[in-house]
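Q: What follows is the file start-v5.cif, containing mmCIF, C-alpha atoms:
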data_target
#
loop_
_atom_site.label_atom_id
_atom_site.label_comp_id
_atom_site.auth_asym_id
_atom_site.auth_seq_id
_atom_site.Cartn_x
_atom_site.Cartn_y
_atom_site.Cartn_z
CA MET E 1 -8.30 24.26 -20.98
CA ARG E 2 -5.49 21.81 -20.41
CA LYS E 3 -4.61 19.38 -23.17
CA ILE E 4 -5.40 15.76 -22.45
CA ASP E 5 -2.36 13.49 -22.22
CA PHE E 6 -3.79 10.47 -24.01
CA LYS E 7 -0.86 8.24 -23.06
CA SER E 8 -1.35 8.93 -19.35
CA PHE E 9 -5.13 8.71 -19.69
CA SER E 10 -4.85 5.33 -21.44
CA LYS E 11 -2.56 4.07 -18.69
CA GLU E 12 -4.97 5.29 -15.99
CA LEU E 13 -7.91 3.69 -17.81
CA PHE E 14 -6.07 0.36 -18.11
CA VAL E 15 -5.20 0.38 -14.40
CA ASP E 16 -8.79 1.32 -13.51
CA ILE E 17 -10.14 -1.64 -15.49
CA VAL E 18 -7.61 -4.20 -14.24
CA GLY E 19 -7.66 -2.97 -10.63
CA GLY E 20 -11.45 -2.64 -10.66
CA MET E 21 -11.80 -6.17 -12.04
CA LEU E 22 -9.60 -7.56 -9.26
CA LEU E 23 -11.74 -5.78 -6.66
CA ALA E 24 -14.94 -7.05 -8.29
CA LEU E 25 -13.66 -10.64 -8.29
CA ALA E 26 -12.64 -10.32 -4.64
CA VAL E 27 -16.02 -9.07 -3.44
CA TYR E 28 -18.48 -10.88 -5.74
CA ASN E 29 -16.73 -14.13 -6.67
CA PHE E 30 -15.00 -14.90 -3.38
CA ALA E 31 -16.33 -12.87 -0.43
CA SER E 32 -20.06 -12.87 -1.22
CA CYS E 33 -20.55 -16.65 -0.81
CA ALA E 34 -18.09 -17.02 2.07
CA GLY E 35 -20.31 -14.95 4.36
CA PHE E 36 -17.62 -13.07 6.24
CA PRO E 37 -17.73 -9.28 6.68
CA VAL E 38 -15.73 -7.23 4.20
CA ALA E 39 -14.29 -3.85 5.11
CA GLY E 40 -15.29 -0.50 3.71
CA ILE E 41 -18.24 0.57 1.62
CA SER E 42 -18.01 -2.70 -0.33
CA GLY E 43 -18.68 -4.56 2.92
CA ILE E 44 -21.75 -2.45 3.66
CA ALA E 45 -22.95 -2.93 0.07
CA LEU E 46 -22.39 -6.68 0.45
CA ILE E 47 -24.60 -6.79 3.57
CA ILE E 48 -27.34 -4.82 1.78
CA TYR E 49 -27.03 -7.19 -1.18
CA HIS E 50 -27.62 -10.21 1.08
CA LEU E 51 -30.57 -8.53 2.80
CA THR E 52 -32.30 -6.93 -0.17
CA GLY E 53 -30.75 -8.25 -3.37
CA LEU E 54 -29.90 -4.73 -4.56
CA PRO E 55 -26.86 -4.62 -6.91
CA MET E 56 -23.65 -4.02 -4.97
CA GLY E 57 -22.13 -1.64 -7.52
CA ALA E 58 -25.14 0.70 -7.49
CA VAL E 59 -25.37 0.64 -3.69
CA THR E 60 -21.64 1.36 -3.42
CA LEU E 61 -22.04 4.31 -5.76
CA ALA E 62 -24.97 5.70 -3.72
CA LEU E 63 -23.17 5.31 -0.38
CA ASN E 64 -20.15 7.15 -1.75
CA ILE E 65 -21.96 10.45 -2.30
CA PRO E 66 -21.88 11.84 1.30
CA ILE E 67 -18.30 10.65 1.82
CA VAL E 68 -17.18 12.29 -1.42
CA ILE E 69 -18.77 15.59 -0.40
CA PHE E 70 -17.10 15.49 3.02
CA CYS E 71 -13.61 14.60 1.75
CA TYR E 72 -13.59 16.79 -1.36
CA LYS E 73 -11.95 19.81 0.27
CA PHE E 74 -9.05 17.69 1.59
CA LEU E 75 -8.30 15.80 -1.63
CA GLY E 76 -8.81 18.43 -4.32
CA ARG E 77 -10.51 18.63 -7.70
CA ASP E 78 -8.08 16.52 -9.78
CA PHE E 79 -8.12 13.60 -7.34
CA PHE E 80 -11.90 13.86 -7.13
CA ILE E 81 -12.33 13.66 -10.92
CA ARG E 82 -9.97 10.69 -11.25
CA SER E 83 -11.72 8.92 -8.39
CA VAL E 84 -15.17 9.41 -9.91
CA LYS E 85 -13.90 7.76 -13.10
CA THR E 86 -12.40 4.86 -11.14
CA MET E 87 -15.54 4.57 -8.99
CA ILE E 88 -17.87 4.28 -11.99
CA ILE E 89 -15.67 1.72 -13.75
CA SER E 90 -15.36 -0.40 -10.58
CA SER E 91 -19.14 -0.33 -9.99
CA ILE E 92 -19.90 -1.40 -13.58
CA LEU E 93 -17.41 -4.27 -13.38
CA LEU E 94 -18.87 -5.38 -10.05
CA ASP E 95 -22.47 -5.42 -11.27
CA TYR E 96 -22.15 -6.56 -14.88
CA VAL E 97 -18.84 -8.41 -15.43
CA ALA E 98 -18.06 -10.28 -12.19
CA PRO E 99 -21.47 -12.09 -12.19
CA LEU E 100 -20.54 -13.64 -15.54
CA LEU E 101 -17.65 -15.52 -13.92
CA PRO E 102 -17.80 -18.58 -11.62
CA VAL E 103 -18.29 -18.00 -7.89
CA TYR E 104 -15.98 -19.78 -5.45
CA GLU E 105 -17.93 -21.88 -2.94
CA GLY E 106 -15.10 -23.80 -1.28
CA ASP E 107 -13.13 -23.40 1.93
CA ARG E 108 -13.74 -20.08 3.73
CA LEU E 109 -10.07 -19.65 4.66
CA LEU E 110 -9.02 -19.96 1.03
CA ALA E 111 -11.78 -17.53 0.10
CA ALA E 112 -10.46 -15.05 2.69
CA ILE E 113 -6.90 -15.39 1.38
CA CYS E 114 -7.97 -14.94 -2.25
CA THR E 115 -10.16 -11.97 -1.31
CA GLY E 116 -7.29 -10.32 0.55
CA VAL E 117 -4.75 -10.84 -2.22
CA LEU E 118 -7.08 -9.69 -5.00
CA GLN E 119 -8.23 -6.64 -3.04
CA GLY E 120 -4.66 -5.76 -2.07
CA LEU E 121 -3.48 -5.93 -5.69
CA GLY E 122 -6.52 -4.02 -6.92
CA PHE E 123 -6.22 -1.24 -4.36
CA GLY E 124 -2.44 -1.09 -4.79
CA MET E 125 -2.76 -0.60 -8.55
CA ILE E 126 -5.43 2.07 -8.13
CA TYR E 127 -3.64 3.94 -5.31
CA SER E 128 -0.38 3.94 -7.28
CA MET E 129 -2.13 6.02 -9.98
CA ASN E 130 -3.20 8.57 -7.32
CA THR E 131 -6.87 7.71 -7.61
CA SER E 132 -9.37 5.69 -5.56
CA THR E 133 -12.63 3.79 -5.69
CA GLY E 134 -14.32 6.28 -3.37
CA GLY E 135 -15.91 5.33 -0.06
CA MET E 136 -13.39 4.36 2.60
CA ASP E 137 -10.64 5.03 0.06
CA PHE E 138 -11.49 8.72 0.36
CA VAL E 139 -11.28 8.47 4.13
CA ILE E 140 -7.94 6.61 3.89
CA MET E 141 -6.46 9.11 1.45
CA THR E 142 -7.69 12.01 3.61
CA ILE E 143 -5.97 10.51 6.66
CA ARG E 144 -2.87 9.99 4.49
CA LYS E 145 -3.02 13.67 3.52
CA LEU E 146 -3.25 14.73 7.16
CA LYS E 147 -0.69 12.18 8.41
CA PRO E 148 1.76 11.59 5.50
CA TYR E 149 4.18 9.59 7.66
CA MET E 150 1.69 6.69 7.84
CA SER E 151 1.80 4.12 5.04
CA ILE E 152 -1.43 3.50 3.14
CA GLY E 153 -1.36 -0.17 4.16
CA LYS E 154 -1.27 0.71 7.87
CA ILE E 155 -4.11 3.21 7.53
CA THR E 156 -6.11 0.60 5.61
CA LEU E 157 -5.46 -1.99 8.32
CA ILE E 158 -6.69 0.30 11.11
CA THR E 159 -9.84 1.48 9.31
CA ASP E 160 -10.74 -1.94 7.92
CA ILE E 161 -10.34 -3.80 11.22
CA THR E 162 -12.69 -1.27 12.82
CA VAL E 163 -15.33 -1.72 10.09
CA VAL E 164 -14.99 -5.53 9.97
CA GLY E 165 -15.28 -5.80 13.75
CA ILE E 166 -18.43 -3.67 13.91
CA GLY E 167 -19.96 -5.46 10.90
CA GLY E 168 -19.25 -8.89 12.34
CA LEU E 169 -20.79 -7.99 15.68
CA LEU E 170 -23.92 -6.66 13.98
CA LEU E 171 -24.23 -9.88 12.00
CA GLY E 172 -23.49 -12.00 15.07
CA GLU E 173 -20.81 -13.96 13.19
CA ILE E 174 -17.72 -14.35 15.40
CA GLU E 175 -16.00 -16.80 13.05
CA GLY E 176 -16.69 -14.41 10.20
CA ILE E 177 -14.92 -11.64 12.12
CA ILE E 178 -11.80 -13.81 12.35
CA TYR E 179 -11.84 -14.45 8.61
CA GLY E 180 -12.47 -10.75 8.05
CA PHE E 181 -9.42 -9.85 10.15
CA ILE E 182 -7.30 -12.33 8.19
CA LEU E 183 -8.24 -10.89 4.81
CA THR E 184 -7.90 -7.33 6.14
CA TYR E 185 -4.33 -8.01 7.24
CA ILE E 186 -3.54 -9.59 3.87
CA VAL E 187 -5.02 -6.58 2.04
CA SER E 188 -2.84 -4.09 3.98
CA MET E 189 0.31 -6.18 3.47
CA VAL E 190 -0.27 -6.64 -0.27
CA ILE E 191 -1.00 -2.91 -0.74
CA ASP E 192 2.29 -1.93 0.92
CA LYS E 193 4.24 -4.63 -0.92
CA TYR E 194 2.77 -3.58 -4.25
CA MET E 195 3.32 0.13 -3.70
CA TYR E 196 6.64 0.03 -1.84
CA GLY E 197 7.88 -3.53 -1.55
CA LEU E 198 9.33 -3.92 -5.05
CA ASP E 199 11.67 -1.03 -4.31
CA ALA E 200 12.03 -1.60 -0.59
CA GLY E 201 15.40 -2.12 0.96
CA LYS E 202 17.58 -1.14 3.90
CA VAL E 203 19.30 2.02 5.00
CA MET E 204 22.49 1.37 6.95
CA PHE E 205 24.06 3.98 9.23
CA VAL E 206 27.62 3.27 10.38
CA VAL E 207 29.12 5.44 13.12
CA THR E 208 32.89 5.07 12.90
CA GLU E 209 36.22 6.89 13.01
CA HIS E 210 37.16 5.35 9.64
CA GLY E 211 34.34 6.58 7.45
CA MET E 212 36.16 6.68 4.10
CA ASP E 213 37.67 3.22 4.62
CA VAL E 214 34.24 1.78 5.45
CA ALA E 215 32.66 3.48 2.42
CA GLU E 216 35.37 2.12 0.11
CA LYS E 217 34.98 -1.42 1.49
CA ILE E 218 31.18 -1.21 1.04
CA SER E 219 31.76 -0.12 -2.55
CA ASP E 220 34.17 -3.02 -3.15
CA LEU E 221 31.74 -5.66 -1.84
CA THR E 222 28.40 -4.29 -3.05
CA GLU E 223 29.24 -1.71 -5.75
CA ARG E 224 27.06 0.69 -3.79
CA GLY E 225 27.97 4.28 -3.09
CA SER E 226 27.67 5.81 0.37
CA THR E 227 27.25 9.26 1.88
CA LEU E 228 29.61 10.51 4.57
CA LEU E 229 28.16 12.66 7.34
CA LYS E 230 30.10 14.42 10.06
CA ALA E 231 29.04 13.84 13.65
CA LYS E 232 30.24 14.24 17.25
CA GLY E 233 29.82 11.70 20.02
CA SER E 234 27.83 13.15 22.91
CA PHE E 235 29.57 10.96 25.51
CA THR E 236 33.18 11.13 24.25
CA ASN E 237 32.89 14.52 22.51
CA GLN E 238 35.02 13.04 19.71
CA ASP E 239 34.48 13.67 16.00
CA LYS E 240 32.93 10.73 14.16
CA ASP E 241 31.95 9.81 10.62
CA VAL E 242 28.49 8.48 9.81
CA VAL E 243 28.40 6.37 6.67
CA MET E 244 24.90 6.21 5.19
CA CYS E 245 24.27 3.51 2.59
CA ALA E 246 20.99 2.55 0.90
CA CYS E 247 20.99 -1.01 -0.40
CA HIS E 248 18.73 -3.86 -1.40
CA THR E 249 17.80 -6.29 1.36
CA LYS E 250 19.95 -9.07 -0.12
CA GLN E 251 23.01 -6.77 0.08
CA MET E 252 22.55 -6.03 3.78
CA HIS E 253 24.87 -8.80 4.95
CA LEU E 254 27.60 -7.57 2.56
CA VAL E 255 27.45 -4.10 4.12
CA GLN E 256 27.67 -5.68 7.56
CA GLU E 257 30.66 -7.71 6.39
CA ALA E 258 32.36 -4.58 5.05
CA VAL E 259 31.94 -2.79 8.40
CA LYS E 260 33.26 -5.81 10.28
CA LYS E 261 36.38 -6.00 8.10
CA VAL E 262 37.27 -2.31 8.61
CA ASP E 263 36.12 -1.39 12.11
CA ARG E 264 34.78 -3.92 14.60
CA GLU E 265 34.18 -1.07 17.07
CA ALA E 266 31.78 0.70 14.70
CA PHE E 267 28.18 1.33 15.68
CA LEU E 268 25.85 -0.08 12.98
CA ILE E 269 22.17 0.84 12.63
CA THR E 270 19.94 -0.94 10.11
CA MET E 271 16.59 0.57 9.15
CA GLU E 272 13.75 -0.43 6.85
CA SER E 273 13.29 1.67 3.73
CA ASN E 274 9.88 1.56 2.07
CA GLU E 275 11.15 3.04 -1.16
CA VAL E 276 14.45 4.22 -2.63
CA ARG E 277 14.64 6.41 -5.73
CA GLY E 278 17.82 7.42 -7.54
CA GLU E 279 20.73 5.88 -9.38
CA GLY E 280 20.82 2.11 -8.95
CA PHE E 281 17.23 2.06 -7.70
CA LYS E 282 13.85 3.18 -9.02
CA GLU E 283 13.91 6.25 -11.26
CA HIS E 284 12.39 9.52 -10.06
#
If you convert what's in this file into structure tokens, what do you get?

A:
Amino acid sequence: MRKIDFKSFSKELFVDIVGGMLLALAVYNFASCAGFPVAGISGIALIIYHLTGLPMGAVTLALNIPIVIFCYKFLGRDFFIRSVKTMIISSILLDYVAPLLPVYEGDRLLAAICTGVLQGLGFGMIYSMNTSTGGMDFVIMTIRKLKPYMSIGKITLITDITVVGIGGLLLGEIEGIIYGFILTYIVSMVIDKYMYGLDAGKVMFVVTEHGMDVAEKISDLTERGSTLLKAKGSFTNQDKDVVMCACHTKQMHLVQEAVKKVDREAFLITMESNEVRGEGFKEH
């Protein structure tokens, strides 16, 4: 048997509790009174709660069973065990802790914004620990496994808009669908910002005949290193240098200034970078 890493387990447990509490607040204390459809299994549980009064946490747990069975082979045993732990904690917080706190009964738009932000933070924290709350999370993580080039936020946006749209049509609440779309977009954006945004930046590619000079000027202005790649122009058939530089967003204009000072004929490509790991950025 493997030894339990109590430090890692304590960290996972803390994230489960905090992330689960944020999700519980979003669904019970903000979304439930606002009356707009919420995405995922929580949204289905919310509808059942309004129709029957059954506790949302218990219903969520019950609805998760067939999805868990279906997705198990794609996600593996370790992810499954972590997710069951997260799922149980989230359900308990939703049924027994969130009802002890005040419920927001104000403006629906503010409720949608708060729901989106809280859900985005909660899901972001939980996903960052390679676990989930089950339900649509399992579906999202399965899609992520099959299509790793898609960000979790984008997958969440696609799946949640589908569920919110169908749920709103079934309830006959067009205005609710609009609010549901708003919070769904906020959720996807917050998830990506939480998981990637703090370390996001730019990747600059400079095609030039003066690669070393450009790299040195970039270093002078930004104190960033660069990587020199050899290339050949397909039209001119001439040898070129490609200077690749990863930088923070606020340093982008300094890299552009460095290129302009050395070679105004250079070809500059700027790309988004969701995450950069290494010296000067986030550690591996």

Q: Which of these residues is nearest to Ser188 (chain E), using only C-alpha atoms: E:Gly134, E:Thr208, E:Met252, E:Phe123?

A: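 Of E:Gly134, E:Thr208, E:Met252, E:Phe123, the one nearest Ser188 (chain E), counting only C-alpha atoms, is E:Phe123.
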
Q: For this file, the PyMOL selection byres ((chain E and resi 190) around 12) selects which residues, as a PyMOL selection string?

A: chain E and resi 113-125+152-154+156-157+183-189+191-198

Q: How big is the axis-aligned box around the listed atoms of region 201-208 of chain E once 8 Å is added on each side, and where is its centre? Give both in Å to one decimal, as AutoDock Vina command-line options.

A:
--center_x 24.1 --center_y 1.7 --center_z 7.0 --size_x 33.5 --size_y 23.6 --size_z 28.2

Q: Just give me the gap between CA of Cys247 (chain E) and CA of Asn130 (chain E) in Å, one decimal is fine.

A: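 Between these atoms lies a distance of 26.9 Å.
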
Q: Looking at E:Glu105, E:Asp160, E:Asp95, E:Asp78, which one is nearest to Val59 (chain E), with distances taken over all atoms listed in the file?

A: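 Nearest candidate to Val59 (chain E) out of E:Glu105, E:Asp160, E:Asp95, E:Asp78: E:Asp95.
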
Q: Which residues are close to Glu209 (chain E), i.e. within 9 Å by only C-alpha atoms, leaving aside same-chain residues fewer than 3 positions away? Reply as an MDAnalysis selection string.

A: chainID E and resid 212 239:242 263 266

Q: Taking into account all atoms listed in the file, which residue in the set E:Thr249, E:Ser234, E:Thr131, E:Ser226 is nearest to Arg77 (chain E)?

A: E:Thr131

Q: Tell me, in Å to one decimal, how far CA of Phe6 (chain E) is from CA of Thr86 (chain E).

A: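 Distance reported for this atom pair: 16.5 Å.
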
Q: Which is closer to Leu254 (chain E) than all the others in E:Met204, E:Ala231, E:Met87, E:Val103, using all atoms listed in the file?

A: E:Met204
